[in-house]
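**Student:** Quick one: structure below, then a few questions.
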Amino acid sequence: MANTRAVLDAEEYPNTEVQKNRVLTLEEWQEKWVNHKIAFHQERGHQLLKKHLDTFLKGAKELRVFFPLCGKAVEMKWFADRGHSVVGVEISELGIREFFTEQNLSYSEEQIMEIPGAKVFKSSSGNISLYCCSLFDLPRANIGKFDRIWDRGALVALNPGDRKRYADIMLSLTRTGFQYLLSVFSYDPTKHAGSVCNIHCLEKVDAFEEGHKSWGIDYIIEKLYLFIEK
């Protein structure tokens, strides 16, 4: 995830000046949850992850799995049900509470002393812990290292100016032998790979739906990349 210059396919990665200047505040993200503007949430879970889950897990047991900007992703329960320990971070307390409610999981909550105003919500089973705070504050909570990171839309959702800082945090959270699975939409992840990881494109699919027409676009491609430590 170090900075490495890559040669881009002009057709596949068109000019994105508008994206470069995009800024969305944490308050605006919270408003999306309050107003139910969460089209990014997939009620049935991420189907490409389900398809490639065995490749991602490699038969390992009792892994620590990190979900950056987790929302109420149902995939968190997938991993927990397989015996893995799940940790997520999400700015919306509403999103976190909805996850536990919709998955019929009892939970407790407590303040995070290292991060004023932040909370952690823990399943009664003890294998799901969701931190309600800014991802960039999370390292202060000393949450440990992870074997796997599932990034479904976190890198894409971040303001472009924050992506290098994000990549540094992700790398700081990884154990030796980690794997990082990344789902993106028409984005070149090789810019964040460099000499640290080998990158494998597991799949590229047409993700265009009728609702995307309102965005003024006529195609959208989703890609699933697996980063494996060299």
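Residues are named by chain letter and number: chains run A, B, ... in the order of the structure tokens, numbers start at 1 in each chain, and ligands are numbered from 1 in the order shown.
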Counting only C-alpha atoms, which residues of segment 141-229 of chain A sit at most 12 Å from some atom of segment 111-130 of chain A, and what is each one's closest atom pair with its distance in Å to one decimal, listed by chain and rising residue number, as JSON lines?
**Tutor:**
{"residue": "A:Ala141", "atom": "CA", "partner": "A:Glu114", "partner_atom": "CA", "distance": 5.7}
{"residue": "A:Asn142", "atom": "CA", "partner": "A:Glu114", "partner_atom": "CA", "distance": 8.9}
{"residue": "A:Ile143", "atom": "CA", "partner": "A:Ser129", "partner_atom": "CA", "distance": 9.9}
**Student:** Among chain A, which residues carry a DSSP assignment of alpha helix (DSSP H), reported as a VMD selection string?
**Tutor:** chain A and resid 17 to 20 26 to 34 47 to 57 75 to 81 93 to 102 154 to 157 163 to 172
**Student:** Kindly export the residues of the current selection with C-alpha atoms, as an mmCIF file, in the first residue's frame.
**Tutor:**
data_model
loop_
_atom_site.group_PDB
_atom_site.id
_atom_site.type_symbol
_atom_site.label_atom_id
_atom_site.label_comp_id
_atom_site.auth_asym_id
_atom_site.auth_seq_id
_atom_site.Cartn_x
_atom_site.Cartn_y
_atom_site.Cartn_z
ATOM 1 C CA GLU A 17 -11.072 15.568 -11.477
ATOM 2 C CA VAL A 18 -14.479 15.890 -9.817
ATOM 3 C CA GLN A 19 -13.675 12.946 -7.552
ATOM 4 C CA LYS A 20 -10.300 14.417 -6.597
ATOM 5 C CA LEU A 26 -18.584 12.906 8.971
ATOM 6 C CA GLU A 27 -21.808 14.754 9.756
ATOM 7 C CA GLU A 28 -22.998 14.269 6.181
ATOM 8 C CA TRP A 29 -22.319 10.528 6.454
ATOM 9 C CA GLN A 30 -24.356 10.389 9.635
ATOM 10 C CA GLU A 31 -27.204 12.245 7.894
ATOM 11 C CA LYS A 32 -27.243 9.565 5.203
ATOM 12 C CA TRP A 33 -28.053 6.976 7.878
ATOM 13 C CA VAL A 34 -30.684 9.152 9.532
ATOM 14 C CA GLN A 47 -22.040 -11.758 -3.415
ATOM 15 C CA LEU A 48 -18.483 -11.537 -4.763
ATOM 16 C CA LEU A 49 -17.142 -11.950 -1.244
ATOM 17 C CA LYS A 50 -19.373 -14.998 -0.768
ATOM 18 C CA LYS A 51 -18.086 -16.454 -4.030
ATOM 19 C CA HIS A 52 -14.416 -15.939 -3.133
ATOM 20 C CA LEU A 53 -14.654 -16.436 0.629
ATOM 21 C CA ASP A 54 -12.692 -19.690 0.647
ATOM 22 C CA THR A 55 -9.886 -18.041 -1.330
ATOM 23 C CA PHE A 56 -9.805 -15.215 1.189
ATOM 24 C CA LEU A 57 -9.851 -17.420 4.298
ATOM 25 C CA GLU A 75 -20.843 -10.147 6.136
ATOM 26 C CA MET A 76 -19.668 -9.444 9.687
ATOM 27 C CA LYS A 77 -21.994 -12.162 10.914
ATOM 28 C CA TRP A 78 -20.754 -14.511 8.181
ATOM 29 C CA PHE A 79 -17.242 -14.360 9.613
ATOM 30 C CA ALA A 80 -18.413 -14.516 13.230
ATOM 31 C CA ASP A 81 -20.528 -17.592 12.483
ATOM 32 C CA GLU A 93 -24.171 4.779 15.908
ATOM 33 C CA LEU A 94 -27.517 4.216 14.185
ATOM 34 C CA GLY A 95 -25.872 1.917 11.638
ATOM 35 C CA ILE A 96 -24.181 -0.117 14.359
ATOM 36 C CA ARG A 97 -27.369 -0.520 16.389
ATOM 37 C CA GLU A 98 -29.272 -1.552 13.255
ATOM 38 C CA PHE A 99 -26.686 -4.252 12.584
ATOM 39 C CA PHE A 100 -27.184 -5.910 15.962
ATOM 40 C CA THR A 101 -30.968 -5.541 15.774
ATOM 41 C CA GLU A 102 -31.295 -6.907 12.248
ATOM 42 C CA ALA A 154 -14.272 2.066 2.493
ATOM 43 C CA LEU A 155 -11.424 3.237 0.268
ATOM 44 C CA VAL A 156 -13.958 4.391 -2.313
ATOM 45 C CA ALA A 157 -16.058 6.290 0.265
ATOM 46 C CA ARG A 163 -6.641 7.827 1.103
ATOM 47 C CA LYS A 164 -2.883 7.797 1.736
ATOM 48 C CA ARG A 165 -3.480 8.248 5.477
ATOM 49 C CA TYR A 166 -6.084 5.485 5.321
ATOM 50 C CA ALA A 167 -3.671 3.113 3.586
ATOM 51 C CA ASP A 168 -1.063 3.793 6.271
ATOM 52 C CA ILE A 169 -3.567 2.940 9.018
ATOM 53 C CA MET A 170 -4.635 -0.265 7.270
ATOM 54 C CA LEU A 171 -1.025 -1.372 6.958
ATOM 55 C CA SER A 172 -0.377 -0.592 10.627
#
**Student:** With a distance cut-off of 9 Å and only C-alpha atoms, select the neighbouring residues of Ala73 of chain A, excluding the residue or stretch itself and same-chain residues fewer than 3 positions from it, and output the selection as a PDB file with C-alpha atoms, in the first residue's frame.
**Tutor:**
ATOM      1  CA  HIS A  41     -25.838  -1.336   1.947  1.00  0.00           C
ATOM      2  CA  GLN A  42     -26.412  -4.834   0.561  1.00  0.00           C
ATOM      3  CA  GLU A  43     -29.119  -6.666   2.498  1.00  0.00           C
ATOM      4  CA  GLY A  45     -24.417  -9.440   1.719  1.00  0.00           C
ATOM      5  CA  HIS A  46     -21.670  -9.006  -0.842  1.00  0.00           C
ATOM      6  CA  PHE A  67     -14.129  -4.145   8.623  1.00  0.00           C
ATOM      7  CA  CYS A  70     -18.435  -1.324   8.362  1.00  0.00           C
ATOM      8  CA  MET A  76     -19.668  -9.444   9.687  1.00  0.00           C
ATOM      9  CA  LYS A  77     -21.994 -12.162  10.914  1.00  0.00           C
ATOM     10  CA  PHE A  99     -26.686  -4.252  12.584  1.00  0.00           C
TER      11      PHE A  99
END
**Student:** For the strand (DSSP E) assignment from backbone DSSP, which residues of segment 58-172 of chain A qualify? Please present them as a ChimeraX atom specification.
**Tutor:** /A:64-67,85-90,107-111,119-123,128-132,146-152
**Student:** When you count only C-alpha atoms, which of these residues is closest to Asp151 of chain A: A:Leu226, A:Ile220, A:Ile91, A:Leu105?
**Tutor:**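 That would be A:Leu226, the residue with the smallest distance to Asp151 of chain A.
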**Student:** Can you work out the spacing between atom CA of Ile199 of chain A and atom CA of Trp150 of chain A in Å, to one decimal?
**Tutor:**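 We find that atom CA of Ile199 of chain A and atom CA of Trp150 of chain A lie 14.5 Å from each other.
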**Student:** What's the separation between atom CA of Ile228 of chain A and atom CA of Leu158 of chain A, in Å to one decimal place?
**Tutor:**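 Here the two named atoms are 22.4 Å from each other.
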**Student:** If you count only C-alpha atoms, which residues fall within 6 Å of Tyr180 of chain A, apart from same-chain ones fewer than 3 positions away, as a list in words?
**Tutor:**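 Within the cut-off, the hits are Arg148, Ile149, Leu226 and Phe227 of chain A.
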**Student:** Expressed in Å to a single decimal, how great is the separation between atom CA of Tyr225 of chain A and atom CA of Leu173 of chain A?
**Tutor:**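 Separating atom CA of Tyr225 of chain A from atom CA of Leu173 of chain A is a distance of 18.7 Å.
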